[in-house]
Structures are given as C-alpha cells and as structure tokens.
Protein chains: 2
Amino acid sequence: MNISDVAKRTGLPPKTIRYYEDIGLIRPARDTNGYRRFQETDAHKLAFLGRARALGFSIEDCRTLLALYEDETRASADVKRVAQDHLKQIEDKLAQLESMRDTLTHLVHECAGDSRPDCPILKDLAKE
Amino acid sequence: MNISDVAKRTGLPPKTIRYYEDIGLIRPARDTNGYRRFQETDAHKLAFLGRARALGFSIEDCRTLLALYEDETRASADVKRVAQDHLKQIEDKLAQLESMRDTLTHLVHECAGDSRPDCPILKDLAKE
DNA sequence: CTTGACCTTCCCGTGACTGGAACCCCTATC
DNA sequence: GATAGGGGTTCCAGTCACGGGAAGGTCAAG
C-alpha cells in the first residue's frame, strides 16, 4: 500500500501519517523508489492511533498506549491509569467550558442585539 | 505604573502584556529610560482583555471587542454576533468533549485495572 | 561600589499538525 | 521522444497565545 491508500483506509491525511513516522510512532518500509510501503500492521497501528486521537489522547499518550498494546505482558492497570488521567483532564476542561458557556449564554441573552450602542456584554467585560 | 504593577492589578503576566503590545492590542507610553509607563486606560484595557480571554474569546475576537468597546457609535448587534459565534464554538467543543468523556468513562469502567494484560480499552482502540 | 530587583529586546519552543515549494517517479498519450 | 497528469518525496514556514531563558540596561538601597 502506498500512503494515499492507507490514508483512505484509516481516514488520516497523508501529512499526518508522515508526521507520525517523523516522530517515531510508525516505521513503514520503503520501496526502492523511496516510496513508503505500508503493511497491514502499519495500517492497523494507524487506525489505532486515529481512534486514540479521536478520544482526545495526546500524541505522547498514544505512544504509551501503542507500546502497551504491543506489550503482551502489560498490566491493564497501566492502560487504565493513562485513560483515567486523560478522563480527568477532559472533565476539567468540560467544567471550564461549561462555566464559559453559562456566562456567555446569560450575556448574549441580555444583549438587545440592535443598532443601539448600549451593550451588557461590553459592560460586563469592562466592569470595574 | 510599571509593567509589574499593572501585571499585579490585572492578573496578567508581564510576558502576556508585552505580547499584547507586540500585536497592537495596547500602546503604553514609554519613560525616557525605555520602560513602559501604563496609564489607567491601559490597565483598564488589559483588564478588559483578561476577562474576554477568560471567557475563551480568541485574540482576534478580543481585538474586535475592544474596538467595539471604544466605538461609541457601535451597534450592540455587532457585539452580540461575536459573542454568539463564540458561544456556538464552545457548544460544539462541549459536545465533542462530552462524547469523549462518555466513551472514556465507559471504557475505564470496563477495565479491571489489575496486573493482567487483558484490557477492553486497548481492545476498543484496536477493534476491527 | 556593589548587590539585587527591576526592566528591555530577542530568539526558541510548545502541540499536532497544515500549506506550500521544489523536486522525483510512473504511466499514458500524442 | 516529449509531455501531461497524478502519484510520491523532502524541507521550511506558519498556526495560537503565549512561556522560558539569555544578554544586557536601570534604579534604589546599603
């Protein structure tokens, strides 16, 4: 498989796949002409990475998860810890965004949104 | 006021304040020794920017909001549009994070987290 | 006069890519 | 054989909103 084939199969852009090789997440073989030649295992790893990234794991987390995946002697506790830490981060971010959303929703609701200059949104931002 | 004074008052790090000058959000005066000399209006603008950033507005949104704030002939509709667009982005992000959280919560719950290698988290990432 | 706390500018690094330039490879067609 | 096109390759720069750190000027106190 060439890079565009595996890109189609995994849904990852070719640029991203090259980047993942760059940072050592995958090591596809090369043809004599210099083209990357992807094996099934490469496609499989890339799909794994795509799903991990879709769950918001950082690249470094992905590296760890991939290593655990390939380590038959892993402890599931190690995987769980990575996932729990990440989940915690997401929950923190959610709380922060919810707070922003609540404030913004309130402000937007208060604002007339007409041609007059008077605006509670700006008033709030400029308070004190 | 020197930069550390206004930093204390606004809660913004000096680095951030210099950056805001760099990109043209503020234009503090200078003393003969080259030090920035902040007026009340500068401190006020910085506080405004700090609150806008705390609500998650991008720097470019902040620039727009500041311009609207200083324009006595603004229409509140323009402010409202910026806020609504931003609110939409936040809601999209929230939905995305909630979906991640739900999946992760489920997976973490399924995982024994012991010394055995069997792990539903990895299984899910590697599915297919 | 020295010390230490300020201040200045400048450059590099962050995360995870994306865009673009410049160039090579392969096949098909004129 | 020339050419057109659609692959592929590398490398460099840019994104966003700063933060770290170096090298050096300024100022008040002891």
# chains A, B, ... in the order shown; residues from 1 in each chain; ligands from 1
$ interface_residues --of "chain A" --to "chain D" --cutoff "12 Å" --atoms "only C-alpha atoms (C1' of nucleotides)" --output "PyMOL selection string"
chain A and resi 2-5+14-15+18+22+30-31+33-37
$ calpha_fit_and_write --fixed "chain B" --moving "chain A" --output "compact mmCIF listing (two decimals) with C-alpha atoms, in the first residue's frame"
# COMPACT_ATOMS: atom_id res chain seq x y z
CA MET A 1 2.81 52.18 36.63
CA ASN A 2 5.48 49.80 35.53
CA ILE A 3 4.70 46.48 33.94
CA SER A 4 4.82 44.44 37.15
CA ASP A 5 2.37 46.81 38.83
CA VAL A 6 -0.17 46.49 36.07
CA ALA A 7 0.51 42.75 35.97
CA LYS A 8 -0.49 42.51 39.61
CA ARG A 9 -3.57 44.64 39.08
CA THR A 10 -4.82 42.73 36.05
CA GLY A 11 -3.60 39.27 36.93
CA LEU A 12 -1.91 39.02 33.54
CA PRO A 13 1.76 37.95 33.40
CA PRO A 14 4.21 40.62 32.20
CA LYS A 15 5.05 38.37 29.25
CA THR A 16 1.44 38.40 28.15
CA ILE A 17 1.21 42.16 28.48
CA ARG A 18 4.30 42.62 26.33
CA TYR A 19 2.80 40.21 23.82
CA TYR A 20 -0.43 42.22 23.71
CA GLU A 21 1.58 45.32 22.93
CA ASP A 22 3.51 43.39 20.29
CA ILE A 23 0.34 42.48 18.43
CA GLY A 24 -1.09 45.96 18.82
CA LEU A 25 -3.82 45.45 21.41
CA ILE A 26 -2.39 48.16 23.66
CA ARG A 27 0.06 51.02 23.19
CA PRO A 28 1.55 51.97 26.53
CA ALA A 29 3.72 55.09 26.70
CA ARG A 30 7.46 54.85 27.39
CA ASP A 31 9.64 56.49 29.98
CA THR A 32 12.92 58.06 28.95
CA ASN A 33 14.69 54.95 30.17
CA GLY A 34 12.66 52.80 27.81
CA TYR A 35 10.40 51.32 30.47
CA ARG A 36 6.71 50.98 29.60
CA ARG A 37 4.60 53.46 31.55
CA PHE A 38 1.00 52.28 31.93
CA GLN A 39 -1.86 54.73 32.35
CA GLU A 40 -5.22 53.93 33.91
CA THR A 41 -6.69 53.41 30.45
CA ASP A 42 -4.03 50.81 29.68
CA ALA A 43 -4.77 48.94 32.89
CA HIS A 44 -8.45 49.12 32.11
CA LYS A 45 -7.98 47.73 28.62
CA LEU A 46 -5.81 44.94 29.94
CA ALA A 47 -8.44 43.99 32.49
CA PHE A 48 -11.00 43.99 29.69
CA LEU A 49 -8.78 41.72 27.64
CA GLY A 50 -8.18 39.44 30.59
CA ARG A 51 -11.91 38.97 31.12
CA ALA A 52 -12.58 38.43 27.43
CA ARG A 53 -9.82 35.83 27.27
CA ALA A 54 -11.21 34.17 30.40
CA LEU A 55 -14.48 33.75 28.50
CA GLY A 56 -12.51 31.99 25.79
CA PHE A 57 -12.61 34.70 23.13
CA SER A 58 -9.76 34.48 20.65
CA ILE A 59 -7.24 37.29 20.43
CA GLU A 60 -8.84 38.44 17.18
CA ASP A 61 -12.25 38.46 18.84
CA CYS A 62 -10.72 40.46 21.68
CA ARG A 63 -9.36 42.94 19.19
CA THR A 64 -12.82 43.30 17.68
CA LEU A 65 -14.52 43.59 21.08
CA LEU A 66 -12.04 46.20 22.24
CA ALA A 67 -12.62 48.22 19.08
CA LEU A 68 -16.38 48.00 19.59
CA TYR A 69 -15.96 48.97 23.21
CA GLU A 70 -14.13 52.11 22.20
CA ASP A 71 -16.54 52.94 19.42
CA GLU A 72 -19.34 55.01 20.92
CA THR A 73 -21.39 54.58 17.76
CA ARG A 74 -21.30 50.79 17.80
CA ALA A 75 -24.39 48.67 17.35
CA SER A 76 -24.90 46.15 20.13
CA ALA A 77 -25.86 43.71 17.37
CA ASP A 78 -22.20 43.58 16.32
CA VAL A 79 -21.10 42.68 19.82
CA LYS A 80 -23.86 40.12 20.14
CA ARG A 81 -22.89 38.45 16.89
CA VAL A 82 -19.29 37.99 18.04
CA ALA A 83 -20.48 36.56 21.34
CA GLN A 84 -23.01 34.25 19.69
CA ASP A 85 -20.49 32.90 17.21
CA HIS A 86 -18.10 32.21 20.04
CA LEU A 87 -20.84 30.59 22.09
CA LYS A 88 -21.60 28.31 19.18
CA GLN A 89 -17.95 27.24 19.03
CA ILE A 90 -17.96 26.49 22.73
CA GLU A 91 -21.12 24.43 22.43
CA ASP A 92 -19.60 22.44 19.57
CA LYS A 93 -16.47 21.81 21.60
CA LEU A 94 -18.58 20.82 24.60
CA ALA A 95 -20.48 18.27 22.55
CA GLN A 96 -17.23 16.80 21.27
CA LEU A 97 -15.70 16.61 24.75
CA GLU A 98 -18.87 15.12 26.21
CA SER A 99 -18.79 12.40 23.61
CA MET A 100 -15.16 11.65 24.47
CA ARG A 101 -15.96 11.69 28.15
CA ASP A 102 -18.85 9.26 27.74
CA THR A 103 -16.78 6.80 25.74
CA LEU A 104 -13.83 7.07 28.10
CA THR A 105 -15.96 6.76 31.20
CA HIS A 106 -17.46 3.59 29.84
CA LEU A 107 -14.08 2.13 28.87
CA VAL A 108 -12.43 3.02 32.16
CA HIS A 109 -15.33 1.45 33.98
CA GLU A 110 -14.95 -1.76 32.00
CA CYS A 111 -11.23 -2.07 32.63
CA ALA A 112 -10.19 -4.18 35.61
CA GLY A 113 -7.06 -2.12 36.16
CA ASP A 114 -5.09 -4.97 37.64
CA SER A 115 -1.86 -6.76 36.77
CA ARG A 116 -3.36 -8.84 33.96
CA PRO A 117 -2.83 -7.77 30.35
CA ASP A 118 -6.43 -8.15 29.25
CA CYS A 119 -7.82 -4.68 28.64
CA PRO A 120 -11.07 -3.49 27.04
CA ILE A 121 -9.61 -0.04 26.46
CA LEU A 122 -6.90 -1.38 24.18
CA LYS A 123 -9.39 -3.76 22.64
CA ASP A 124 -11.61 -0.87 21.71
CA LEU A 125 -8.75 1.13 20.24
CA ALA A 126 -7.59 -1.86 18.22
CA LYS A 127 -11.02 -3.00 17.06
CA GLU A 128 -11.10 -4.21 13.46
$ closest_atom_pairs --of "chain C" --to "chain B" --cutoff "9 Å" --atoms "only C-alpha atoms (C1' of nucleotides)" --output "JSON lines"
{"residue": "C:DC6", "atom": "C1'", "partner": "B:Ser4", "partner_atom": "CA", "distance": 8.9}
{"residue": "C:DC7", "atom": "C1'", "partner": "B:Tyr35", "partner_atom": "CA", "distance": 6.3}
{"residue": "C:DT8", "atom": "C1'", "partner": "B:Gly34", "partner_atom": "CA", "distance": 7.3}
$ write_last_selection --atoms "N, CA and C atoms (P, O5', C5', C4', C3', O3' and C1' of nucleotides)" --output "PDB file, in the first residue's frame"
ATOM      1  P    DC C   6      11.060  42.916  42.337  1.00  0.00           P
ATOM      2  O5'  DC C   6      10.681  43.919  41.170  1.00  0.00           O
ATOM      3  C5'  DC C   6      11.128  43.654  39.852  1.00  0.00           C
ATOM      4  C4'  DC C   6      11.610  44.934  39.240  1.00  0.00           C
ATOM      5  C3'  DC C   6      11.222  45.089  37.776  1.00  0.00           C
ATOM      6  O3'  DC C   6      10.025  45.835  37.657  1.00  0.00           O
ATOM      7  C1'  DC C   6      13.545  45.607  38.126  1.00  0.00           C
ATOM      8  P    DC C   7       9.099  45.516  36.429  1.00  0.00           P
ATOM      9  O5'  DC C   7       9.984  45.926  35.158  1.00  0.00           O
ATOM     10  C5'  DC C   7      10.161  47.301  34.853  1.00  0.00           C
ATOM     11  C4'  DC C   7      11.231  47.462  33.783  1.00  0.00           C
ATOM     12  C3'  DC C   7      10.906  46.763  32.454  1.00  0.00           C
ATOM     13  O3'  DC C   7      10.190  47.617  31.600  1.00  0.00           O
ATOM     14  C1'  DC C   7      13.200  46.488  33.075  1.00  0.00           C
ATOM     15  P    DT C   8       9.607  46.974  30.250  1.00  0.00           P
ATOM     16  O5'  DT C   8      10.899  46.761  29.342  1.00  0.00           O
ATOM     17  C5'  DT C   8      11.585  47.903  28.813  1.00  0.00           C
ATOM     18  C4'  DT C   8      12.751  47.467  27.937  1.00  0.00           C
ATOM     19  C3'  DT C   8      12.388  46.500  26.830  1.00  0.00           C
ATOM     20  O3'  DT C   8      11.915  47.212  25.710  1.00  0.00           O
ATOM     21  C1'  DT C   8      14.406  45.834  27.911  1.00  0.00           C
TER      22       DT C   8
END
$ decode --residues "chain C" --atoms "C-alpha atoms (C1' of nucleotides)" --output "short mmCIF file (atom, residue, chain, number, x, y, z; two decimals), in the first residue's frame"
data_model
loop_
_atom_site.label_atom_id
_atom_site.label_comp_id
_atom_site.auth_asym_id
_atom_site.auth_seq_id
_atom_site.Cartn_x
_atom_site.Cartn_y
_atom_site.Cartn_z
"C1'" DC C 1 30.64 50.33 44.60
"C1'" DT C 2 28.11 46.50 44.64
"C1'" DT C 3 24.00 43.94 45.07
"C1'" DG C 4 19.62 42.63 43.70
"C1'" DA C 5 15.33 43.61 41.75
"C1'" DC C 6 13.54 45.61 38.13
"C1'" DC C 7 13.20 46.49 33.07
"C1'" DT C 8 14.41 45.83 27.91
"C1'" DT C 9 14.79 43.05 23.40
"C1'" DC C 10 15.42 38.85 21.00
"C1'" DC C 11 15.07 34.09 19.91
"C1'" DC C 12 13.43 29.42 20.61
"C1'" DG C 13 9.93 26.03 21.95
"C1'" DT C 14 5.20 24.43 22.68
"C1'" DG C 15 1.15 20.51 20.04
"C1'" DA C 16 -0.23 18.46 16.31
"C1'" DC C 17 -0.42 19.20 12.54
"C1'" DT C 18 -1.27 22.04 7.61
"C1'" DG C 19 0.20 24.52 3.39
"C1'" DG C 20 3.31 25.18 0.01
"C1'" DA C 21 7.59 24.91 -2.70
"C1'" DA C 22 10.75 22.25 -5.25
"C1'" DC C 23 11.66 18.12 -6.99
"C1'" DC C 24 11.38 12.75 -8.27
"C1'" DC C 25 8.58 8.65 -10.22
"C1'" DC C 26 5.41 6.29 -13.21
"C1'" DT C 27 2.07 5.65 -16.76
"C1'" DA C 28 -0.39 7.07 -20.76
"C1'" DT C 29 -0.89 9.61 -24.74
"C1'" DC C 30 0.49 12.38 -28.88
#
